[in-house]
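Some notes on the structure that comes next.
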Amino acid sequence: MADIEQNSAPVRNPVTAHPPVRQMTAVQRFFLSNEFGLIVLIVLFTIIFASISPMFLSNFSLYAMGRTAAVNIMIGFSMMVVIVTGGLNLGVGAIGVCGAMFGGWLMQAAGLHWLPACFGALIVGALLGATNGVMIVKSGLHSFIITLATMSVMFGAMIFLTQAESFREISPAFSTLGRMKILAVLSPMLLTAIVIGVLLWLAFKFTTVGREILAAGANARAAELSGIRVGRMITYAHALSGVLAVVAGLMLVSRTGAAIPSMAGQLGQDWLLPAFLGPVLGGNLLTGGRISVLGTFLGAFLVTMLTTGLLLMQVGAFWVQTYLGLLLLIAVLLDLARRSYLARNKLV
Amino acid sequence: MSQFTFQAHAVTKTFPGVVALDKVNLSLTPGSVHALLGENGAGKSTLIKIMTGVHRHDAGHMEIDGTLFAPQSTREAIAAGVGVVHQERNVIPRFSVAENIFLETLSADPWKPINYPKLYRDAEHWLDLLEIDADPSTKVEDLPVAKIQLVEIAKALALKSRILMLDEPTASLTQHETERLFSIVKRLRDDGVSLVFVSHKLEEVQEICDQVTVLRDGRNACESQPLEGLGRQDIVRLMIGRTEQIPTWSQRDCRDRDVALELRGVATQAGHTDVSLSLHKGEVLGLYGLVGSGRTELAKAIIGADKVTGGEILVEGTPRNITSVADALHQNRIGYVSEDRKSEGLILMHSVLDNAGITVWRRLQNAIGAFTDRSVEKAVSPVVKKLEVRTPSLHQTIGNLSGGNQQKVSVAKWLAANVSILIIDEPTVGVDIKTKAYVHELIRDLADAGTSVLLITSDMPEMVTVADRILVMDEFQIRGEVINDRDYDRVSHEIMQHIHGSSEVAAE
Amino acid sequence: MTQHITKSDWFGPFVVSVAAIIVVGILKPSFLTPFNIQILLLAISVNALVAFAQMVIIGIGQMNLSVGAIGGLAAISFAGMMEVWGLPWPIAAMLALAVGLLAGVLNGALVALTGVSAFVITLATLSVFKGINLGITEAQPFYEIPEAVKWIGNASLFGTIPLLFFPFAITAIALWYFLFRLPLGRTILAVGGNSHAAELSGISVPKAEIVAHAISGVLAAMAGIMLVARLELGQPSIGDDWLILSFAAPVIGGALLTGGRISVAGTCCGVVIIAIITQVLVLFNIDPFLVQVVLGLLILWAVGVNRLREIRGQRHVPGGAA
Amino acid sequence: DSTTRVALVPGGPHPYFAAWEQAGKDAARDFGLAAADYRVPQKWELSMQNQILESLVTQGYNAFLVFPGDPVGTVAIANELAGTGAPVLALAGCLQDPSEAKFCMGTDTGNSAYLGAKELLEVLGPGAKIAHFTGFLVDPNTQLRIDAVARAAEEAGAEVIQVIADIDAPEPAEEKINAYLAAHAGDVDGIITTAWVPAVVAANALRRIGDKRIKMVGIDHDEVVMNAIRDGYVHGTMLQNPYGQGYIGSFVADRLRSGCEVKADAPFKSIALTDKFIDSGTVFAGIDAVDNYVASMQAITAELMEGFEDTYLTCS
Ligand SMILES: Nc1ncnc2c1ncn2[C@@H]1O[C@H](COP(=O)(O)OP(=O)(O)OP(=O)(O)O)[C@@H](O)[C@H]1O
Ligand SMILES: Nc1ncnc2c1ncn2[C@@H]1O[C@H](COP(=O)(O)OP(=O)(O)OP(=O)(O)O)[C@@H](O)[C@H]1O
Ligand SMILES: O[C@@H]1[C@H](O)[C@H](O)CO[C@H]1O
Ligand SMILES: [Mg+2]
Ligand SMILES: [Mg+2]
């Protein structure tokens with residue numbers, strides 16, 4: 001029989017000292033994180049690809065990879081900021097193209113300098129995104145179905161207005177950005193993606209709006225009852241998504257030296273895959289409430305790298321996709337194995 | 001040879017950063033009701049989850065009838081005759097009551113067509129037994145919370161287990177439903193079932209249990225001991241290491257002070273037609289009523305989460321049109337502590353700090369709308385400390401905290417919000433006795449500091465301890481007012497009279 | 001009883017589709033000619049299977065991005081086995097279904113064993129399946145489709161009911177029976193409704209996941225096979241355009257993407273609505289440059305009408321949107 | 001031996017380009033090239049094609065025969081490729097001027113659609129009503145084709161009563177074409193299709209209804225279309241010459257790397273997109289040509305090949 005403890009009224013600070021705890025340090029948490037896993041995979045595959053084909057690390061290859069990754073990263077960011085609300089934006093491509101075409105029109109038809117033209121394009125992106133947000137909030141319908149419909153309307157309106165014609169008279173200064181090399185390997189586009197990534201990270205970590213968007217995404221009802229204007233936050237997230245999509249679109253304009261209606265394929269659907277790959281590999285929950293900007297960045301980068309590596313290895317042209325799929329599976333499984341190994345052996 | 005049905009020896013379980021159970025022993029005998037007690041976060045639910053195959057223990061072992069018992073899944077535990085009503089609700093909302101009750105047996109023969117008429121008939125038996133007034137074909141999502149709890153109990157009973165564990169089954173039940181449950185518990189006990197009963201209501205424990213195990217900080221404070229001979233204070237001392245301190249406050253009358261919140265003939269979409277009340281500065285106004293009397297709905301209407309369809313709401317004497325909780329919080333400094341912490345009160349996937357701080361972000365933000373976690377920490381940690389929220393750190397995911405500690409945070413975040421009017425709905429459901437006293441103290445402190453509190457609780461002793469004045473609500477109407485002179489018998493009698501009086505009127 | 005019907009998940013989409021049929025029928029009488037009905041039913045029959053393949057996965061609270069890739073792989077397997085190996089069509093069809101089953105089980109097993117979200121897994125297997133498809137065909141269609149198969153793809157009863165309608169109808173009924181009357185099917189919806197509760201109730205979540213994905217794979221394969229019969233060739237691009245349709249139809253039909261709530265009848269109505277919208281664009285000779293705009297507006301209209309019906313009389317629920 | 005490594009890169013997986021593979025192999029063998037490889041983007045996506053092209057540079061290819069994923073959008077990457085010193089030819093479809101592609105060799109899509117429509121309207125006679133089924137609107141060729149068909153109809157006093165676009169994939173094509181025929185088969189006398197997939201689907205649909213009253217002119221040489229011509233359901237098809245494009249293109253690319261230059265005054269044709277166009281053969285194949293269309297394409301190829309160096313190049 002146990003002793004009945006008497007009169008022990010220990011004074012303690014329950015927040016830190018009780019019960020006996022083995023606190024996880026920030027470093028340990030990082031080792032368990034998705035981001036660390038992605039870094040490991042990126043290093044691993046770099047070694048593999050480089051040892052098979054030394055050209056993989058050539059200046060041109062690295063430059064081209066960074067440039068392609070930059071666009072995929074921006075597309076991923078665009079979807080990410082909506083995913084964190086627990087929603088989706090099928091219209092990233094449609095909005096991206098609409099904004100980019102508007103930017104092209106401003107430069108060609110209205111003869112604007114590229115800076116205000118880009119600004120105008122971003123505004124269009126914000127407006128189109130906000131339109132989605134308002135419709136989702138007002139109707140109470142899932143963003144999937146709303147953005148599915150508006151993607152068709154927006155893209156269709158763009159095709160109707162432009163009659164599917166491209167705008168070629170892009171200011172040379174702007175299209176130079178798409179070809180410029182910093183230190184022989186770095187594209188200004190990748191630099192832009194990094195800067196935007198840092199800004200997003202800051203916004204979702206330190207600003208009220210960012211945090212409120214996350215809260216709304218995690219549990220809309222609880223957020224609403226805590227005094228957060230959930231509808232407004234969802235609208236903000238969609239507007240931001242629109243802006244980021246247009247950044248991706250403008251990157252393509254700069255790179256192609258023209259604004260073309262087909263830059264994201266029919267209805268902008270070509271962007272859907274990269275839009276999901278980055279955020280999902282990056283560990284953002286599709287149910288919302290959790291964001292990983294670095295994860296999205298690394299996820300998009302990993303996929304671009306795998307594709308580049310596979311193309312370089314000259315596996316049978318038609319089979320590339322199979323190998324890409326298998327590599328993705330392997331990547332996911334490796335990461336899983338890493339985490340369960342660490343956990344099982346209590347290494348973290 | 002062991003005389004026990006079930007034995008746990010030195011069971012240990014750690015979560016990242018937390019030792020939830022530290023060499024815990026437990027012995028159950030057939031035909032007895034075993035109380036499992038302890039403060040919030042002591043490890044009760046963890047032990048139960050290990051016994052039912054939800055978690056795996058790290059060390060120690062368990063036996064049933066002398067053979068090793070180490071369930072790897074819920075199915076194995078059920079097969080071994082261990083049934084459970086978990087602390088958190090676990091139903092399939094879109095499924096009918098009957099399907100939920102028989103969910104365990106449903107998957108036994110995957111290809112045998114379900115005979116729905118028969119399923120409904122079988123379910124009737126359990127519904128009748130627990131006096132649940134619901135059609136077996138109703139979807140569970142259409143039921144009120146208390147009934148869902150009863151459905152869960154029916155579900156556990158339907159398994160006809162040898163060991164049945166009830167983790168705070170009465171937290172959201174009325175007295176009547178609790179009595180019903182107890183008569184069933186007694187019958188099962190007499191049939192030789194071994195029951196485990198978890199509750200923070202010690203009166204219930206003393207009424208129904210014959211053995212007791214107390215956990216403290218994940219360790220046995222006592223181990224499978226007869227309850228007989230242990231008084232309330234003995235148990236309390238085992239749980240918290242000292243005797244209970246029941247705060248008492250003298251009678252207070254704030255009716256001559258300014259009115260902070262006034263309702264004039266308020267009608268709501270939820271069903272109120274004509275509610276008038278005034279809450280004075282620094283007053284604790286109780287709103288008592290039976291389950292379903294419309295108190296929560298009234299609170300939601302006041303804070304703008306539900307539609308007000310008529311009448312007037314005045315804050316500090318001026319009529320206000322509050323259309324959202326944000327309005328209520330930022331424009332009118334009104335807060336609301338929800339009774340449903342899981343879906344309305346907390347964001348389970350976020351950290352303790354994010355949950356406690358959610359109401360202060362806007363207050364702390366600088367010119368560009370940014371704030372630092374440190375400033376939030378500074379704002380919330382006094383309340384978090386005061387309530388002794390048991391968490392390895394403020395960065396712990398709140399979903400990993402014990403139920404009672406979650407409840408504390410859902411109260412804490414509104415204490416941190418610095419509002420002038422606070423509506424508190426059932427603040428101590430599932431909260432241990434020590435914390436309950438802290439919560440009461442906090443409410444009083446708030447009132448003393450000038451905050452006006454509208455306290456909704458179905459816990460009569462709590463009401464009599466804390467409120468200055470009590471309004472009685474029944475069927476969406478205020479039936480009467482009671483001045484609280486802390487005379488429990490008189491006050492409770494008067495309250496019940498208002499309720500019964502109204503039902504007599506209604507019957508006429 | 002009436003209340004029971006009007007409250008059910010599929011009633012809204014049903015009203016929308018009936019209204020659409022009546023309006024279009026009045027404005028364009030040629031819409032209701034037997035031949036046009038046949039065309040409509042043909043489109044519905046195949047698309048419904050595609051939608052079902054996704055619906056089952058939505059039911060369990062997941063997403064299957066590889067529906068189209070499985071359908072395409074089954075389609076070219078079906079056509080290829082007949083052309084290259086000269087297999088008789090029923091055997092080829094069975095083997096193609098087996099390909100779908102295998103692909104589905106693979107998806108399900110990976111999801112169940114790794115615990116990685118189905119979204120990620122099927123994103124990866126989508127590439128694998130599509131890559132195998134392209135690797136085998138090198139993007140060239142298989143042309144040698146037996147006459148019997150072509151006949152099945154195009155024959156109809158009384159000039160209105162295409163033969164392909166029957167596999168669809170039988171599948172729909174069987175699927176309803178499975179999901180709403182058999183314990184195994186209910187387990188899938190239980191997991192979708194609350195997987196944690198289902199697990200605590202002794203339901204094997206991995207098993208439910210594997211079964212759901214297996215069914216999804218078979219349904220996608222069926223759609224692929226039926227398309228080969230209808231298109232009269234084994235196109236490697238079959239399935240490329242399924243993804244959006246596969247989600248749109250169940251969602252218009254009242255399914256919740258969070259799982260646990262799906263309706264076979266509702267999904268059928270969703271498919272009907274989409275088929276009518278597609279036809280309307282052609283029937284009313286919409287300027288090709290405006291087709292996409294009108295399409296989007298019609299989808300909004302369809303879901304909007306249904307939504308309005310739901311909202312009326314409902315209480316104000318804050319934060320209902322996501 | 002030549003060090004030329006030619007990459008033949010279509011816009012995506014599409015049956016039209018299958019002939020390039022053999023053409024490249026044959027050219028590599030006949031002209032002793034280091035390689036002439038057919039490299040297909042996995043998806044019909046501009047970004048995918050760009051990525052492949054970049055990768056091919058890294059892999060050491062030094063001559064590029066590219067079907068532009070987009071006539072404007074592909075200019076930038078073509079210029080970048082040219083910037084590495086590699087000759088770039090637009091093949092089967094053109095880049096819009098200006099670009100650093102040496103020239104474009106392919107089908108004059110507008111002209112082809114115009115000629116096809118003419119063939120159709122000839123058998124239908126004046127006052128005919130025709131429907132036009134075509135490809136994706138984002139493909140600016142589509143606009144050229146729509147305009148060309150409209151022009152042909154106007155000249156012949158016929159009427160284009162419906163244009164259905166965005167159906168260059170089998171399933172939407174199947175759905176829309178069938179729906180159209182179900183409702184309007186009686187209103188229309190002829191059909192012209194100016195994209196591969198709609199041609200296949202429309203040919204099948206006509207066979208299914210068994211309606212030989214409606215005359216159709218298709219495009220490309222899909223077996224379904226050729227068989228429908230044989231059986232009288234389709235009047236004929238506008239052929240293109242993918243093999244010839246790949247074969248001649250590989251040859252020219254090698255010549256350009258070994259010191260040849262494109263003549264300043266080469267007799268290029270002008271089309272809507274470019275002033276440096278070489279027609280690889282725009283041929284109508286009706287019932288009489290259906291069994292020997294391969295031969296007639298080979299004849300065209302041989303003819304083009306024969307005079308190519310003299311006509312278009314100056315070699316040191
Ligand atoms: N899944 C988990 N992850 C991390 N920590 C956990 C988890 N579950 C429980 N804990 C921790 O284990 C300890 C014991 O929790 P448990 O739920 O067993 O308490 P309890 O005695 O049931 O309390 P209550 O009376 O509040 O229900 C707590 O400190 C809790 O934070
Ligand atoms: N027994 C019941 N049967 C059906 N509906 C009920 C029942 N109890 C409550 N409700 C529903 O709940 C609503 C009122 O509950 P509300 O939560 O406002 O009451 P309350 O007084 O706060 O009670 P409590 O919070 O103690 O449950 C009503 O709209 C009613 O429809
Ligand atoms: O229609 C065909 C194909 O669709 C492909 O684009 C190649 O040339 C066109 O004429
Ligand atoms: Mg507990
Ligand atoms: Mg209540």
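In the structure tokens, each chain is lettered A, B, ... as it comes, each chain's residues begin at 1, and ligands are numbered from 1 in order of appearance.
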Define the interface residues of chain C facing chain B as those within 12 Å, counting only C-alpha atoms, and report them as a PyMOL selection string.
chain C and resi 4+9+59+177-205+207-208+211+256+259-262+313-320
Please provide the set of residues having any atom within 12 Å of Ser112 in chain D, restricted to only C-alpha atoms, with same-chain residues fewer than 2 positions apart removed, written as a count of residues only.
39
Tell me, which residues of range 142-298 of chain A carry DSSP helix (DSSP H, G or I), written as a PyMOL selection string?
chain A and resi 143-162+172-177+188-206+208-218+220-225+230-256+261-264+266-281+293-298
Contacts to ligand 4 at 9 Å cut-off (only C-alpha atoms and all ligand atoms) as a PDB file with all heavy atoms, in the first residue's frame:
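Result saved to pocket_13.pdb:
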```
ATOM      1  N   ASN B  40      -5.276  17.591 -12.953  1.00  0.00           N
ATOM      2  CA  ASN B  40      -5.183  17.665 -14.407  1.00  0.00           C
ATOM      3  C   ASN B  40      -3.745  17.391 -14.827  1.00  0.00           C
ATOM      4  O   ASN B  40      -2.817  18.001 -14.298  1.00  0.00           O
ATOM      5  CB  ASN B  40      -5.579  19.056 -14.910  1.00  0.00           C
ATOM      6  CG  ASN B  40      -7.046  19.353 -14.658  1.00  0.00           C
ATOM      7  OD1 ASN B  40      -7.398  20.420 -14.192  1.00  0.00           O
ATOM      8  ND2 ASN B  40      -7.896  18.395 -14.945  1.00  0.00           N
ATOM      9  N   GLY B  41      -3.600  16.456 -15.740  1.00  0.00           N
ATOM     10  CA  GLY B  41      -2.264  16.159 -16.228  1.00  0.00           C
ATOM     11  C   GLY B  41      -1.522  15.154 -15.383  1.00  0.00           C
ATOM     12  O   GLY B  41      -0.341  14.905 -15.608  1.00  0.00           O
ATOM     13  N   ALA B  42      -2.197  14.537 -14.425  1.00  0.00           N
ATOM     14  CA  ALA B  42      -1.533  13.574 -13.546  1.00  0.00           C
ATOM     15  C   ALA B  42      -1.221  12.272 -14.281  1.00  0.00           C
ATOM     16  O   ALA B  42      -0.335  11.525 -13.873  1.00  0.00           O
ATOM     17  CB  ALA B  42      -2.407  13.287 -12.333  1.00  0.00           C
ATOM     18  N   GLY B  43      -1.943  12.008 -15.383  1.00  0.00           N
ATOM     19  CA  GLY B  43      -1.659  10.791 -16.154  1.00  0.00           C
ATOM     20  C   GLY B  43      -2.815   9.808 -16.223  1.00  0.00           C
ATOM     21  O   GLY B  43      -2.646   8.700 -16.724  1.00  0.00           O
ATOM     22  N   LYS B  44      -3.976  10.197 -15.766  1.00  0.00           N
ATOM     23  CA  LYS B  44      -5.122   9.281 -15.739  1.00  0.00           C
ATOM     24  C   LYS B  44      -5.487   8.803 -17.144  1.00  0.00           C
ATOM     25  O   LYS B  44      -5.592   7.601 -17.414  1.00  0.00           O
ATOM     26  CB  LYS B  44      -6.329   9.989 -15.092  1.00  0.00           C
ATOM     27  CG  LYS B  44      -6.037  10.568 -13.720  1.00  0.00           C
ATOM     28  CD  LYS B  44      -7.242  11.266 -13.141  1.00  0.00           C
ATOM     29  CE  LYS B  44      -7.670  12.528 -13.856  1.00  0.00           C
ATOM     30  NZ  LYS B  44      -6.713  13.657 -13.778  1.00  0.00           N
ATOM     31  N   SER B  45      -5.696   9.769 -18.017  1.00  0.00           N
ATOM     32  CA  SER B  45      -6.105   9.396 -19.372  1.00  0.00           C
ATOM     33  C   SER B  45      -5.017   8.615 -20.083  1.00  0.00           C
ATOM     34  O   SER B  45      -5.292   7.692 -20.852  1.00  0.00           O
ATOM     35  CB  SER B  45      -6.452  10.644 -20.184  1.00  0.00           C
ATOM     36  OG  SER B  45      -7.524  11.325 -19.580  1.00  0.00           O
ATOM     37  N   THR B  46      -3.788   8.956 -19.803  1.00  0.00           N
ATOM     38  CA  THR B  46      -2.683   8.234 -20.434  1.00  0.00           C
ATOM     39  C   THR B  46      -2.707   6.765 -20.027  1.00  0.00           C
ATOM     40  O   THR B  46      -2.556   5.873 -20.867  1.00  0.00           O
ATOM     41  CB  THR B  46      -1.340   8.879 -20.038  1.00  0.00           C
ATOM     42  OG1 THR B  46      -1.384  10.264 -20.385  1.00  0.00           O
ATOM     43  CG2 THR B  46      -0.182   8.217 -20.743  1.00  0.00           C
ATOM     44  N   ILE B  48      -5.250   5.068 -19.070  1.00  0.00           N
ATOM     45  CA  ILE B  48      -6.405   4.434 -19.713  1.00  0.00           C
ATOM     46  C   ILE B  48      -6.113   4.166 -21.182  1.00  0.00           C
ATOM     47  O   ILE B  48      -6.455   3.113 -21.726  1.00  0.00           O
ATOM     48  CB  ILE B  48      -7.647   5.337 -19.529  1.00  0.00           C
ATOM     49  CG1 ILE B  48      -8.116   5.230 -18.080  1.00  0.00           C
ATOM     50  CG2 ILE B  48      -8.752   4.956 -20.499  1.00  0.00           C
ATOM     51  CD1 ILE B  48      -9.275   6.118 -17.727  1.00  0.00           C
ATOM     52  N   HIS B  86     -13.816   7.366 -23.676  1.00  0.00           N
ATOM     53  CA  HIS B  86     -12.700   8.293 -23.570  1.00  0.00           C
ATOM     54  C   HIS B  86     -13.169   9.662 -23.101  1.00  0.00           C
ATOM     55  O   HIS B  86     -14.328  10.021 -23.217  1.00  0.00           O
ATOM     56  CB  HIS B  86     -11.986   8.423 -24.907  1.00  0.00           C
ATOM     57  CG  HIS B  86     -11.142   7.238 -25.229  1.00  0.00           C
ATOM     58  ND1 HIS B  86      -9.975   6.962 -24.569  1.00  0.00           N
ATOM     59  CD2 HIS B  86     -11.317   6.234 -26.126  1.00  0.00           C
ATOM     60  CE1 HIS B  86      -9.446   5.851 -25.068  1.00  0.00           C
ATOM     61  NE2 HIS B  86     -10.254   5.380 -26.012  1.00  0.00           N
ATOM     62  N   GLN B  87     -12.191  10.420 -22.609  1.00  0.00           N
ATOM     63  CA  GLN B  87     -12.496  11.757 -22.126  1.00  0.00           C
ATOM     64  C   GLN B  87     -12.953  12.659 -23.260  1.00  0.00           C
ATOM     65  O   GLN B  87     -13.865  13.458 -23.097  1.00  0.00           O
ATOM     66  CB  GLN B  87     -11.235  12.349 -21.472  1.00  0.00           C
ATOM     67  CG  GLN B  87     -11.442  13.686 -20.819  1.00  0.00           C
ATOM     68  CD  GLN B  87     -10.183  14.141 -20.082  1.00  0.00           C
ATOM     69  OE1 GLN B  87      -9.132  13.508 -20.161  1.00  0.00           O
ATOM     70  NE2 GLN B  87     -10.290  15.232 -19.372  1.00  0.00           N
ATOM     71  N   GLU B  88     -12.300  12.524 -24.420  1.00  0.00           N
ATOM     72  CA  GLU B  88     -12.698  13.336 -25.565  1.00  0.00           C
ATOM     73  C   GLU B  88     -13.741  12.583 -26.372  1.00  0.00           C
ATOM     74  O   GLU B  88     -13.739  11.360 -26.412  1.00  0.00           O
ATOM     75  CB  GLU B  88     -11.475  13.627 -26.447  1.00  0.00           C
ATOM     76  CG  GLU B  88     -10.273  14.152 -25.701  1.00  0.00           C
ATOM     77  CD  GLU B  88     -10.524  15.527 -25.068  1.00  0.00           C
ATOM     78  OE1 GLU B  88     -11.479  16.200 -25.507  1.00  0.00           O
ATOM     79  OE2 GLU B  88      -9.788  15.903 -24.152  1.00  0.00           O
ATOM     80  N   ASP B 167     -13.737   7.582 -18.528  1.00  0.00           N
ATOM     81  CA  ASP B 167     -12.850   8.729 -18.290  1.00  0.00           C
ATOM     82  C   ASP B 167     -13.682  10.005 -18.272  1.00  0.00           C
ATOM     83  O   ASP B 167     -14.073  10.507 -19.318  1.00  0.00           O
ATOM     84  CB  ASP B 167     -11.767   8.776 -19.374  1.00  0.00           C
ATOM     85  CG  ASP B 167     -10.613   9.703 -18.997  1.00  0.00           C
ATOM     86  OD1 ASP B 167     -10.719  10.405 -17.971  1.00  0.00           O
ATOM     87  OD2 ASP B 167      -9.611   9.722 -19.739  1.00  0.00           O
ATOM     88  N   GLU B 168     -13.953  10.515 -17.099  1.00  0.00           N
ATOM     89  CA  GLU B 168     -14.789  11.705 -16.909  1.00  0.00           C
ATOM     90  C   GLU B 168     -16.092  11.658 -17.714  1.00  0.00           C
ATOM     91  O   GLU B 168     -16.370  12.538 -18.504  1.00  0.00           O
ATOM     92  CB  GLU B 168     -13.996  12.972 -17.262  1.00  0.00           C
ATOM     93  CG  GLU B 168     -12.777  13.120 -16.373  1.00  0.00           C
ATOM     94  CD  GLU B 168     -12.185  14.519 -16.430  1.00  0.00           C
ATOM     95  OE1 GLU B 168     -12.993  15.467 -16.530  1.00  0.00           O
ATOM     96  OE2 GLU B 168     -10.959  14.652 -16.368  1.00  0.00           O
ATOM     97  N   VAL B 198     -13.209   7.816 -13.642  1.00  0.00           N
ATOM     98  CA  VAL B 198     -12.411   9.034 -13.479  1.00  0.00           C
ATOM     99  C   VAL B 198     -13.340  10.223 -13.364  1.00  0.00           C
ATOM    100  O   VAL B 198     -14.287  10.341 -14.148  1.00  0.00           O
ATOM    101  CB  VAL B 198     -11.459   9.256 -14.681  1.00  0.00           C
ATOM    102  CG1 VAL B 198     -10.638  10.523 -14.493  1.00  0.00           C
ATOM    103  CG2 VAL B 198     -10.565   8.053 -14.884  1.00  0.00           C
ATOM    104  N   SER B 402      -3.200  17.711 -21.157  1.00  0.00           N
ATOM    105  CA  SER B 402      -4.343  16.977 -20.616  1.00  0.00           C
ATOM    106  C   SER B 402      -5.569  17.864 -20.730  1.00  0.00           C
ATOM    107  O   SER B 402      -5.469  19.085 -20.839  1.00  0.00           O
ATOM    108  CB  SER B 402      -4.089  16.618 -19.164  1.00  0.00           C
ATOM    109  OG  SER B 402      -4.323  17.747 -18.355  1.00  0.00           O
ATOM    110  N   GLY B 403      -6.738  17.195 -20.713  1.00  0.00           N
ATOM    111  CA  GLY B 403      -7.985  17.919 -20.926  1.00  0.00           C
ATOM    112  C   GLY B 403      -8.162  19.113 -20.003  1.00  0.00           C
ATOM    113  O   GLY B 403      -8.516  20.209 -20.440  1.00  0.00           O
ATOM    114  N   GLY B 404      -7.873  18.918 -18.739  1.00  0.00           N
ATOM    115  CA  GLY B 404      -8.085  19.988 -17.786  1.00  0.00           C
ATOM    116  C   GLY B 404      -7.149  21.158 -18.027  1.00  0.00           C
ATOM    117  O   GLY B 404      -7.533  22.318 -17.886  1.00  0.00           O
ATOM    118  N   GLY B 430     -14.307  19.542 -16.207  1.00  0.00           N
ATOM    119  CA  GLY B 430     -13.089  18.746 -16.344  1.00  0.00           C
ATOM    120  C   GLY B 430     -11.883  19.338 -15.654  1.00  0.00           C
ATOM    121  O   GLY B 430     -10.769  18.873 -15.851  1.00  0.00           O
TER     122      GLY B 430
END
```
Counting only C-alpha atoms and all ligand atoms, figure out which residue out of B:Leu353, B:Leu21, B:Ile148, B:Val439 gets nearest to ligand 2.
B:Ile148
Please list as a list in words every residue within 8 Å of range 198-210 of chain D, counting only C-alpha atoms and excluding residues in the same chain fewer than 2 positions away.
Asn154, Leu231 and Glu232 of chain C; Phe133, Thr134, Gly135, Ile167, Asp168, Ala169, Pro170, Ala173, Glu174, Ile177, Asn178, Thr193, Thr194, Ala195, Trp196, Lys212, Ile214, Met216, Gly218, Ile219, Asp222, Val224, Val225, Ala228, Tyr233 and Val234 of chain D
I'd like the interatomic distance between CA of Leu26 in chain B and CA of Glu223 in chain B, to a tenth of an Å.
6.3 Å
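Between CA of Met62 in chain B and CA of Leu150 in chain B the interatomic distance comes to 29.5 Å.
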What residues have any atom no more than 7 Å from ligand 2 when counting only C-alpha atoms and all ligand atoms, and can you list them as a list in words?
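Based on only C-alpha atoms and all ligand atoms, ligand 2 is surrounded within 7 Å by Leu143, Pro144, Ala270, Gly289, Leu290, Val291, Gly292, Ser293, Gly294, Arg295, Thr296, Glu297, Leu298, Glu339 and Ser458 of chain B.
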Using only C-alpha atoms, find the residues of chain C whose closest atom to chain D is at most 7 Å away, then write them as a PyMOL selection string.
chain C and resi 30-31+35-36+39+43+139-140+279+282-283+285+288
For Leu134 in chain C, find every residue with an atom within 12 Å (counting only C-alpha atoms), except residues of its own chain fewer than 3 positions away, and show them as number ranges by chain.
A: 316-322; C: 69, 72-73, 76-77, 127-131, 137-141, 235-238, 240; D: 12-15, 40-43
If the cut-off is 8 Å, can you tell me the residues of chain C near chain A, counting only C-alpha atoms? I'd like them as a ChimeraX atom specification.
/C:114,116,120-121,123-132,134-135,138,244,248,251-252,289-297,299-300,304,307,318-322
Can you list, as a ChimeraX atom specification, all residues belonging to range 93-278 of chain D that DSSP tags as strand (DSSP E or B)?
/D:104-106,129-133,159-164,190-193,215-219,236-239,260-262,269,277-278
When you get a sec, could you note down which chain A residues fall within 7 Å of chain D, using only C-alpha atoms, as a list of chain:residue names?
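Taken together, these residues fit the definition: A:Met55, A:Ser61, A:Ala64, A:Ala164, A:Glu165, A:Thr256, A:Gly257, A:Ala258, A:Ile260, A:Pro261, A:Ser262, A:Met263, A:Gly265, A:Gln266, A:Asp270, A:Thr308, A:Leu311, A:Leu312, A:Ala317, A:Phe318, A:Gln321.
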Could you check the closest approach to chain A for each of B:Leu68, B:Met165, B:Ile499, B:Ala370 and tell me which residue wins, using only C-alpha atoms?
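Between B:Leu68, B:Met165, B:Ile499, B:Ala370, the residue approaching chain A most closely is B:Ala370.
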